[in-house]
$ cat final-v4.cif   # mmCIF, N, CA and C atoms and all ligand atoms
data_run
loop_
_atom_site.label_atom_id
_atom_site.label_comp_id
_atom_site.auth_asym_id
_atom_site.auth_seq_id
_atom_site.Cartn_x
_atom_site.Cartn_y
_atom_site.Cartn_z
N MET Z 1 -12.28 41.75 30.02
CA MET Z 1 -11.76 40.91 31.09
C MET Z 1 -12.91 40.37 31.91
N ASP Z 2 -12.83 39.13 32.28
CA ASP Z 2 -13.90 38.53 33.06
C ASP Z 2 -13.34 38.04 34.39
N HIS Z 3 -13.27 38.97 35.34
CA HIS Z 3 -12.85 38.59 36.68
C HIS Z 3 -14.00 38.75 37.65
N SER Z 4 -15.20 38.78 37.13
CA SER Z 4 -16.36 39.05 37.97
C SER Z 4 -16.92 37.79 38.61
N GLY Z 5 -16.30 36.65 38.33
CA GLY Z 5 -16.79 35.43 38.94
C GLY Z 5 -17.98 34.84 38.25
N GLN Z 6 -18.30 35.33 37.06
CA GLN Z 6 -19.41 34.74 36.34
C GLN Z 6 -19.03 33.36 35.82
N PRO Z 7 -19.97 32.44 35.85
CA PRO Z 7 -19.65 31.10 35.36
C PRO Z 7 -19.35 31.12 33.87
N VAL Z 8 -18.42 30.27 33.49
CA VAL Z 8 -18.08 30.14 32.07
C VAL Z 8 -19.20 29.35 31.40
N SER Z 9 -19.60 29.80 30.24
CA SER Z 9 -20.70 29.14 29.55
C SER Z 9 -20.30 27.74 29.10
N PRO Z 10 -21.28 26.84 28.97
CA PRO Z 10 -20.96 25.48 28.47
C PRO Z 10 -20.27 25.52 27.12
N LEU Z 11 -20.64 26.50 26.31
CA LEU Z 11 -20.01 26.63 25.00
C LEU Z 11 -18.52 26.90 25.14
N GLU Z 12 -18.18 27.85 26.02
CA GLU Z 12 -16.76 28.16 26.23
C GLU Z 12 -16.02 26.98 26.84
N GLN Z 13 -16.69 26.28 27.77
CA GLN Z 13 -16.07 25.10 28.38
C GLN Z 13 -15.76 24.05 27.31
N ALA Z 14 -16.71 23.86 26.40
CA ALA Z 14 -16.51 22.85 25.36
C ALA Z 14 -15.34 23.24 24.46
N LEU Z 15 -15.25 24.52 24.13
CA LEU Z 15 -14.17 24.96 23.25
C LEU Z 15 -12.81 24.87 23.95
N HIS Z 16 -12.81 25.24 25.23
CA HIS Z 16 -11.56 25.12 26.00
C HIS Z 16 -11.11 23.67 26.08
N ALA Z 17 -12.08 22.79 26.32
CA ALA Z 17 -11.76 21.36 26.44
C ALA Z 17 -11.22 20.84 25.12
N ALA Z 18 -11.88 21.22 24.02
CA ALA Z 18 -11.45 20.74 22.71
C ALA Z 18 -10.02 21.18 22.43
N ARG Z 19 -9.74 22.44 22.73
CA ARG Z 19 -8.40 22.97 22.47
C ARG Z 19 -7.36 22.20 23.29
N ALA Z 20 -7.67 21.99 24.59
CA ALA Z 20 -6.71 21.33 25.48
C ALA Z 20 -6.49 19.87 25.08
N LEU Z 21 -7.56 19.19 24.72
CA LEU Z 21 -7.45 17.76 24.42
C LEU Z 21 -6.69 17.52 23.11
N VAL Z 22 -7.03 18.32 22.10
CA VAL Z 22 -6.34 18.14 20.81
C VAL Z 22 -4.88 18.55 20.94
N LEU Z 23 -4.61 19.59 21.71
CA LEU Z 23 -3.22 19.99 21.93
C LEU Z 23 -2.44 18.88 22.63
N ALA Z 24 -3.07 18.23 23.59
CA ALA Z 24 -2.41 17.13 24.30
C ALA Z 24 -2.04 16.02 23.32
N ASP Z 25 -2.92 15.75 22.37
CA ASP Z 25 -2.64 14.70 21.40
C ASP Z 25 -1.54 15.12 20.43
N LEU Z 26 -1.51 16.39 20.09
CA LEU Z 26 -0.43 16.88 19.23
C LEU Z 26 0.92 16.77 19.94
N ILE Z 27 0.92 17.09 21.22
CA ILE Z 27 2.16 16.98 22.00
C ILE Z 27 2.59 15.51 22.06
N ALA Z 28 1.62 14.63 22.23
CA ALA Z 28 1.92 13.20 22.28
C ALA Z 28 2.57 12.74 20.98
N GLY Z 29 2.11 13.33 19.86
CA GLY Z 29 2.66 12.97 18.56
C GLY Z 29 3.88 13.79 18.20
N GLU Z 30 4.29 14.66 19.12
CA GLU Z 30 5.48 15.49 18.93
C GLU Z 30 5.40 16.35 17.68
N VAL Z 31 4.20 16.89 17.44
CA VAL Z 31 4.05 17.82 16.33
C VAL Z 31 3.51 19.17 16.81
N ALA Z 32 3.61 19.44 18.12
CA ALA Z 32 3.03 20.67 18.68
C ALA Z 32 3.97 21.85 18.49
N GLU Z 33 4.30 22.15 17.23
CA GLU Z 33 5.10 23.33 16.96
C GLU Z 33 4.19 24.55 16.87
N ALA Z 34 4.80 25.71 16.88
CA ALA Z 34 4.01 26.93 16.99
C ALA Z 34 2.98 27.05 15.88
N ASP Z 35 3.37 26.75 14.65
CA ASP Z 35 2.42 26.92 13.56
C ASP Z 35 1.36 25.84 13.58
N VAL Z 36 1.66 24.71 14.21
CA VAL Z 36 0.65 23.66 14.35
C VAL Z 36 -0.38 24.07 15.40
N VAL Z 37 0.12 24.67 16.48
CA VAL Z 37 -0.79 25.14 17.51
C VAL Z 37 -1.77 26.16 16.92
N SER Z 38 -1.30 26.96 15.96
CA SER Z 38 -2.19 27.94 15.35
C SER Z 38 -3.29 27.25 14.55
N LEU Z 39 -3.05 26.03 14.08
CA LEU Z 39 -4.10 25.28 13.40
C LEU Z 39 -5.25 24.97 14.35
N ILE Z 40 -4.90 24.68 15.61
CA ILE Z 40 -5.95 24.44 16.61
C ILE Z 40 -6.75 25.71 16.83
N GLU Z 41 -6.03 26.82 16.94
CA GLU Z 41 -6.74 28.09 17.18
C GLU Z 41 -7.71 28.37 16.04
N ASP Z 42 -7.27 28.12 14.81
CA ASP Z 42 -8.16 28.34 13.67
C ASP Z 42 -9.38 27.44 13.75
N ALA Z 43 -9.16 26.17 14.10
CA ALA Z 43 -10.27 25.22 14.18
C ALA Z 43 -11.24 25.63 15.28
N VAL Z 44 -10.72 26.08 16.41
CA VAL Z 44 -11.58 26.48 17.52
C VAL Z 44 -12.41 27.71 17.14
N VAL Z 45 -11.79 28.64 16.42
CA VAL Z 45 -12.53 29.83 15.99
C VAL Z 45 -13.68 29.43 15.07
N GLU Z 46 -13.41 28.51 14.14
CA GLU Z 46 -14.48 28.09 13.23
C GLU Z 46 -15.58 27.34 13.96
N ARG Z 47 -15.19 26.49 14.88
CA ARG Z 47 -16.19 25.71 15.60
C ARG Z 47 -16.95 26.57 16.62
N ARG Z 48 -16.35 27.65 17.07
CA ARG Z 48 -17.09 28.57 17.93
C ARG Z 48 -18.29 29.13 17.16
N TRP Z 49 -18.04 29.52 15.91
CA TRP Z 49 -19.13 30.01 15.08
C TRP Z 49 -20.18 28.91 14.89
N TRP Z 50 -19.70 27.73 14.60
CA TRP Z 50 -20.60 26.61 14.32
C TRP Z 50 -21.48 26.29 15.52
N VAL Z 51 -20.89 26.25 16.70
CA VAL Z 51 -21.65 25.84 17.88
C VAL Z 51 -22.55 26.97 18.38
N GLU Z 52 -22.22 28.19 18.00
CA GLU Z 52 -23.13 29.29 18.30
C GLU Z 52 -24.42 29.16 17.49
N GLN Z 53 -24.30 28.62 16.28
CA GLN Z 53 -25.49 28.40 15.46
C GLN Z 53 -26.27 27.18 15.95
N TRP Z 54 -25.57 26.24 16.58
CA TRP Z 54 -26.19 24.99 16.96
C TRP Z 54 -25.66 24.57 18.35
N PRO Z 55 -26.20 25.21 19.40
CA PRO Z 55 -25.66 24.99 20.76
C PRO Z 55 -25.73 23.53 21.20
N GLU Z 56 -26.70 22.76 20.65
CA GLU Z 56 -26.79 21.35 21.04
C GLU Z 56 -25.55 20.57 20.61
N GLY Z 57 -24.79 21.15 19.70
CA GLY Z 57 -23.59 20.46 19.22
C GLY Z 57 -22.38 20.65 20.11
N ALA Z 58 -22.54 21.33 21.24
CA ALA Z 58 -21.38 21.62 22.09
C ALA Z 58 -20.63 20.35 22.48
N GLY Z 59 -21.37 19.26 22.69
CA GLY Z 59 -20.74 18.02 23.10
C GLY Z 59 -19.95 17.35 21.98
N TYR Z 60 -20.09 17.86 20.77
CA TYR Z 60 -19.42 17.23 19.63
C TYR Z 60 -18.16 17.98 19.21
N VAL Z 61 -17.91 19.10 19.91
CA VAL Z 61 -16.85 20.00 19.45
C VAL Z 61 -15.46 19.35 19.53
N VAL Z 62 -15.25 18.52 20.56
CA VAL Z 62 -13.93 17.91 20.71
C VAL Z 62 -13.59 17.06 19.49
N GLY Z 63 -14.52 16.20 19.10
CA GLY Z 63 -14.27 15.34 17.94
C GLY Z 63 -14.12 16.13 16.66
N LEU Z 64 -14.89 17.20 16.55
CA LEU Z 64 -14.84 18.00 15.33
C LEU Z 64 -13.53 18.76 15.21
N VAL Z 65 -13.08 19.34 16.32
CA VAL Z 65 -11.81 20.07 16.28
C VAL Z 65 -10.67 19.10 15.97
N ALA Z 66 -10.73 17.90 16.55
CA ALA Z 66 -9.70 16.90 16.26
C ALA Z 66 -9.65 16.60 14.77
N GLN Z 67 -10.83 16.46 14.15
CA GLN Z 67 -10.87 16.16 12.71
C GLN Z 67 -10.43 17.35 11.88
N ASP Z 68 -10.79 18.55 12.33
CA ASP Z 68 -10.35 19.75 11.60
C ASP Z 68 -8.84 19.85 11.59
N VAL Z 69 -8.23 19.61 12.76
CA VAL Z 69 -6.77 19.70 12.86
C VAL Z 69 -6.12 18.59 12.05
N GLN Z 70 -6.73 17.42 12.10
CA GLN Z 70 -6.21 16.30 11.30
C GLN Z 70 -6.21 16.65 9.82
N ASP Z 71 -7.29 17.24 9.35
CA ASP Z 71 -7.38 17.62 7.94
C ASP Z 71 -6.35 18.69 7.59
N ALA Z 72 -6.21 19.67 8.48
CA ALA Z 72 -5.27 20.75 8.21
C ALA Z 72 -3.84 20.22 8.20
N LEU Z 73 -3.54 19.28 9.08
CA LEU Z 73 -2.19 18.70 9.12
C LEU Z 73 -1.92 17.86 7.87
N LEU Z 74 -2.95 17.20 7.39
CA LEU Z 74 -2.77 16.35 6.21
C LEU Z 74 -2.30 17.17 5.01
N GLU Z 75 -2.85 18.38 4.90
CA GLU Z 75 -2.46 19.25 3.80
C GLU Z 75 -1.04 19.78 3.97
N ARG Z 76 -0.66 20.05 5.21
CA ARG Z 76 0.58 20.78 5.43
C ARG Z 76 1.74 19.90 5.88
N TYR Z 77 1.42 18.81 6.61
CA TYR Z 77 2.49 18.02 7.21
C TYR Z 77 2.42 16.55 6.86
N GLY Z 78 1.21 16.06 6.63
CA GLY Z 78 1.06 14.64 6.38
C GLY Z 78 0.13 14.01 7.41
N ARG Z 79 0.10 12.71 7.38
CA ARG Z 79 -0.86 12.00 8.22
C ARG Z 79 -0.58 12.18 9.71
N TRP Z 80 -1.63 12.38 10.44
CA TRP Z 80 -1.57 12.49 11.91
C TRP Z 80 -2.91 12.09 12.47
N PRO Z 81 -2.98 11.44 13.59
CA PRO Z 81 -1.85 10.78 14.25
C PRO Z 81 -1.58 9.41 13.63
N LEU Z 82 -0.31 9.05 13.55
CA LEU Z 82 0.02 7.74 12.99
C LEU Z 82 -0.39 6.65 13.97
N CYS Z 83 -0.83 5.55 13.40
CA CYS Z 83 -1.32 4.44 14.21
C CYS Z 83 -0.18 3.83 15.02
N PRO Z 84 -0.34 3.78 16.35
CA PRO Z 84 0.70 3.16 17.18
C PRO Z 84 0.45 1.67 17.42
N VAL Z 85 -0.64 1.17 16.87
CA VAL Z 85 -1.04 -0.21 17.18
C VAL Z 85 -0.44 -1.19 16.19
N CYS Z 86 -0.51 -0.83 14.90
CA CYS Z 86 -0.05 -1.74 13.86
C CYS Z 86 1.46 -1.58 13.68
N GLY Z 87 2.19 -2.61 13.96
CA GLY Z 87 3.65 -2.51 13.86
C GLY Z 87 4.16 -2.73 12.47
N GLN Z 88 3.33 -3.30 11.60
CA GLN Z 88 3.79 -3.66 10.26
C GLN Z 88 2.92 -2.99 9.21
N GLY Z 89 3.39 -3.04 7.97
CA GLY Z 89 2.61 -2.49 6.86
C GLY Z 89 2.80 -1.00 6.74
N ASP Z 90 2.00 -0.41 5.87
CA ASP Z 90 2.13 1.01 5.60
C ASP Z 90 1.67 1.81 6.82
N PRO Z 91 2.43 2.85 7.16
CA PRO Z 91 1.96 3.75 8.22
C PRO Z 91 0.63 4.36 7.81
N HIS Z 92 -0.28 4.44 8.75
CA HIS Z 92 -1.59 5.00 8.45
C HIS Z 92 -2.07 5.80 9.64
N ALA Z 93 -2.99 6.70 9.36
CA ALA Z 93 -3.49 7.58 10.41
C ALA Z 93 -4.69 6.95 11.10
N LEU Z 94 -4.88 7.37 12.33
CA LEU Z 94 -6.08 6.99 13.06
C LEU Z 94 -7.24 7.89 12.63
N ASP Z 95 -8.45 7.40 12.88
CA ASP Z 95 -9.65 8.18 12.58
C ASP Z 95 -10.40 8.47 13.88
N VAL Z 96 -11.16 9.56 13.84
CA VAL Z 96 -12.00 9.92 14.99
C VAL Z 96 -13.36 9.25 14.82
N GLU Z 97 -13.80 8.60 15.88
CA GLU Z 97 -15.15 8.05 15.93
C GLU Z 97 -15.78 8.37 17.26
N PRO Z 98 -17.03 8.75 17.30
CA PRO Z 98 -17.87 9.05 16.14
C PRO Z 98 -17.46 10.36 15.49
N GLU Z 99 -17.73 10.49 14.19
CA GLU Z 99 -17.37 11.74 13.50
C GLU Z 99 -18.17 12.91 14.05
N LEU Z 100 -19.41 12.62 14.44
CA LEU Z 100 -20.26 13.67 15.00
C LEU Z 100 -21.00 13.08 16.20
N GLY Z 101 -20.35 13.17 17.35
CA GLY Z 101 -20.97 12.62 18.54
C GLY Z 101 -20.13 12.91 19.76
N PRO Z 102 -20.63 12.55 20.93
CA PRO Z 102 -19.88 12.78 22.16
C PRO Z 102 -18.83 11.70 22.38
N ASP Z 103 -17.91 11.97 23.29
CA ASP Z 103 -16.92 10.99 23.72
C ASP Z 103 -16.13 10.42 22.54
N PRO Z 104 -15.47 11.30 21.77
CA PRO Z 104 -14.76 10.82 20.57
C PRO Z 104 -13.50 10.03 20.92
N HIS Z 105 -13.21 9.05 20.09
CA HIS Z 105 -12.03 8.20 20.25
C HIS Z 105 -11.25 8.18 18.95
N TRP Z 106 -9.94 7.92 19.09
CA TRP Z 106 -9.10 7.59 17.94
C TRP Z 106 -9.21 6.09 17.70
N VAL Z 107 -9.51 5.72 16.48
CA VAL Z 107 -9.62 4.30 16.16
C VAL Z 107 -8.73 3.97 14.97
N CYS Z 108 -8.28 2.72 14.93
CA CYS Z 108 -7.57 2.20 13.76
C CYS Z 108 -8.53 1.28 13.04
N HIS Z 109 -8.89 1.65 11.82
CA HIS Z 109 -9.82 0.82 11.07
C HIS Z 109 -9.13 -0.43 10.52
N LYS Z 110 -7.84 -0.36 10.37
CA LYS Z 110 -7.11 -1.51 9.86
C LYS Z 110 -7.14 -2.66 10.87
N ALA Z 111 -6.84 -2.30 12.12
CA ALA Z 111 -6.84 -3.32 13.17
C ALA Z 111 -8.22 -3.45 13.81
N GLY Z 112 -9.08 -2.48 13.56
CA GLY Z 112 -10.41 -2.52 14.14
C GLY Z 112 -10.42 -2.33 15.64
N VAL Z 113 -9.56 -1.44 16.12
CA VAL Z 113 -9.48 -1.23 17.57
C VAL Z 113 -9.62 0.25 17.90
N ARG Z 114 -10.17 0.50 19.08
CA ARG Z 114 -10.11 1.82 19.69
C ARG Z 114 -8.74 1.99 20.30
N VAL Z 115 -8.06 3.05 19.93
CA VAL Z 115 -6.70 3.24 20.43
C VAL Z 115 -6.71 4.07 21.70
N ALA Z 116 -7.44 5.18 21.71
CA ALA Z 116 -7.46 6.06 22.89
C ALA Z 116 -8.58 7.08 22.71
N SER Z 117 -9.01 7.64 23.83
CA SER Z 117 -9.89 8.80 23.74
C SER Z 117 -9.12 9.96 23.15
N VAL Z 118 -9.82 10.86 22.46
CA VAL Z 118 -9.18 12.10 22.05
C VAL Z 118 -8.71 12.82 23.31
N GLY Z 119 -7.44 13.20 23.33
CA GLY Z 119 -6.85 13.81 24.50
C GLY Z 119 -5.99 12.84 25.30
N SER Z 120 -6.11 11.56 25.00
CA SER Z 120 -5.36 10.53 25.74
C SER Z 120 -4.40 9.76 24.86
N LEU Z 121 -4.08 10.34 23.74
CA LEU Z 121 -3.22 9.63 22.80
C LEU Z 121 -1.83 9.36 23.39
N GLY Z 122 -1.43 10.21 24.31
CA GLY Z 122 -0.11 10.05 24.92
C GLY Z 122 0.07 8.70 25.58
N THR Z 123 -0.98 8.20 26.21
CA THR Z 123 -0.87 6.91 26.88
C THR Z 123 -0.73 5.80 25.86
N ALA Z 124 -1.35 5.98 24.69
CA ALA Z 124 -1.25 4.95 23.65
C ALA Z 124 0.10 5.03 22.94
N MET Z 125 0.60 6.26 22.76
CA MET Z 125 1.85 6.47 22.05
C MET Z 125 3.04 6.14 22.92
N GLY Z 126 2.99 6.59 24.16
CA GLY Z 126 4.18 6.52 25.01
C GLY Z 126 4.10 5.47 26.09
N GLY Z 127 3.01 4.72 26.08
CA GLY Z 127 2.83 3.73 27.11
C GLY Z 127 3.88 2.63 27.02
N PRO Z 128 4.03 1.89 28.08
CA PRO Z 128 5.03 0.81 28.06
C PRO Z 128 4.68 -0.23 27.01
N SER Z 129 5.66 -0.60 26.23
CA SER Z 129 5.43 -1.61 25.21
C SER Z 129 6.05 -2.92 25.64
N THR Z 130 5.50 -3.99 25.17
CA THR Z 130 5.99 -5.30 25.60
C THR Z 130 7.16 -5.73 24.75
ZN ZN Z 201 -3.42 0.65 12.64
#
$ encode --input "final-v4.cif" --output "structure tokens" --more "lines below"
Ligand SMILES: [Zn+2]
Amino acid sequence: MDHSGQPVSPLEQALHAARALVLADLIAGEVAEADVVSLIEDAVVERRWWVEQWPEGAGYVVGLVAQDVQDALLERYGRWPLCPVCGQGDPHALDVEPELGPDPHWVCHKAGVRVASVGSLGTAMGGPST
């Protein structure tokens, strides 16, 4: 238990942020069921190991966890998150850009647009439509 008032390490902050942001996007896509949430936990555990080996990568954890969860969902549930921008044609998933970098965004390569920051998909999915 850590009630001693010690500051949370940047590594833990990054992992907490990644978990919260990706969960927010799952909720926005209405796929935040219990077993889906466990996919995030698995991704965070793996990335905790990864970022312990490479602390400079802490800023990239959000985008990486998003991609890990996306990959895990593809195997078990199908494409996520579906593009909310393109109204026509085949449903397709958004991609995370940059794949390895800070400030990750969901982008649609078909339309060539940034849809939302990771963690802000709800505004793109549920925002007022014209
Ligand atoms: Zn699209």
$ residues_near_ligand --input "final-v4.cif" --ligand "ligand ZN 201 (chain Z)" --cutoff "7 Å" --atoms "only N, CA and C atoms and all ligand atoms" --output "short mmCIF file (atom, residue, chain, number, x, y, z; two decimals) with N, CA and C atoms, keeping the file's coordinate frame"
data_model
loop_
_atom_site.label_atom_id
_atom_site.label_comp_id
_atom_site.auth_asym_id
_atom_site.auth_seq_id
_atom_site.Cartn_x
_atom_site.Cartn_y
_atom_site.Cartn_z
N LEU Z 82 -0.31 9.05 13.55
CA LEU Z 82 0.02 7.74 12.99
C LEU Z 82 -0.39 6.65 13.97
N CYS Z 83 -0.83 5.55 13.40
CA CYS Z 83 -1.32 4.44 14.21
C CYS Z 83 -0.18 3.83 15.02
N PRO Z 84 -0.34 3.78 16.35
CA PRO Z 84 0.70 3.16 17.18
C PRO Z 84 0.45 1.67 17.42
N VAL Z 85 -0.64 1.17 16.87
CA VAL Z 85 -1.04 -0.21 17.18
C VAL Z 85 -0.44 -1.19 16.19
N CYS Z 86 -0.51 -0.83 14.90
CA CYS Z 86 -0.05 -1.74 13.86
C CYS Z 86 1.46 -1.58 13.68
N GLY Z 87 2.19 -2.61 13.96
CA GLY Z 87 3.65 -2.51 13.86
C GLY Z 87 4.16 -2.73 12.47
N HIS Z 92 -0.28 4.44 8.75
CA HIS Z 92 -1.59 5.00 8.45
C HIS Z 92 -2.07 5.80 9.64
N ALA Z 93 -2.99 6.70 9.36
CA ALA Z 93 -3.49 7.58 10.41
C ALA Z 93 -4.69 6.95 11.10
N LEU Z 94 -4.88 7.37 12.33
CA LEU Z 94 -6.08 6.99 13.06
C LEU Z 94 -7.24 7.89 12.63
N VAL Z 107 -9.51 5.72 16.48
CA VAL Z 107 -9.62 4.30 16.16
C VAL Z 107 -8.73 3.97 14.97
N CYS Z 108 -8.28 2.72 14.93
CA CYS Z 108 -7.57 2.20 13.76
C CYS Z 108 -8.53 1.28 13.04
N HIS Z 109 -8.89 1.65 11.82
CA HIS Z 109 -9.82 0.82 11.07
C HIS Z 109 -9.13 -0.43 10.52
N LYS Z 110 -7.84 -0.36 10.37
CA LYS Z 110 -7.11 -1.51 9.86
C LYS Z 110 -7.14 -2.66 10.87
N ALA Z 111 -6.84 -2.30 12.12
CA ALA Z 111 -6.84 -3.32 13.17
C ALA Z 111 -8.22 -3.45 13.81
N GLY Z 112 -9.08 -2.48 13.56
CA GLY Z 112 -10.41 -2.52 14.14
C GLY Z 112 -10.42 -2.33 15.64
#
$ closest_residue --input "final-v4.cif" --among "Z:Ala18, Z:Arg79, Z:Val118, Z:Val51" --to "Z:Trp106" --atoms "all atoms listed in the file"
Z:Val118
$ atom_distance --input "final-v4.cif" --atom1 "atom CA of Z:Asp95" --atom2 "atom CA of Z:Pro10"
26.1 Å
$ closest_residue --input "final-v4.cif" --among "Z:Ile27, Z:Tyr77, Z:Met125, Z:Val62" --to "Z:Pro104" --atoms "only N, CA and C atoms"
Z:Val62
$ closest_residue --input "final-v4.cif" --among "Z:Gly101, Z:Val8, Z:Val69, Z:Glu41" --to "Z:Pro81" --atoms "all atoms listed in the file"
Z:Val69
$ closest_residue --input "final-v4.cif" --among "Z:Val37, Z:Leu11, Z:Val31, Z:Val115" --to "Z:Pro55" --atoms "only N, CA and C atoms"
Z:Leu11
$ atom_distance --input "final-v4.cif" --atom1 "atom CA of Z:His16" --atom2 "atom CA of Z:Ala116"
19.7 Å
$ residues_near_point --input "final-v4.cif" --point "(-2.6, 26.4, 18.9)" --cutoff "6.5 Å" --atoms "only N, CA and C atoms" --output "ChimeraX atom specification"
/Z:34,36-42
$ atom_distance --input "final-v4.cif" --atom1 "atom CA of Z:Asp68" --atom2 "atom C of Z:Ala43"
7.0 Å
$ residues_around --input "final-v4.cif" --residues "Z:Asp103" --least-positions-apart "2" --cutoff "7 Å" --atoms "all atoms listed in the file" --output "ChimeraX atom specification"
/Z:59-60,63,97-98,101,105,117-118
$ closest_residue --input "final-v4.cif" --among "Z:Pro102, Z:Val113, Z:Gly29, Z:Trp49" --to "Z:Trp80" --atoms "all atoms listed in the file"
Z:Gly29
$ select_by_dssp --input "final-v4.cif" --residues "stretch 72-109 of chain Z" --states "strand (DSSP E or B)" --output "ChimeraX atom specification"
/Z:82,93,95-97,105-108
$ closest_residue --input "final-v4.cif" --among "Z:Ala28, Z:Ala66, Z:Val22, Z:Leu15" --to "Z:Val44" --atoms "only C-alpha atoms"
Z:Leu15
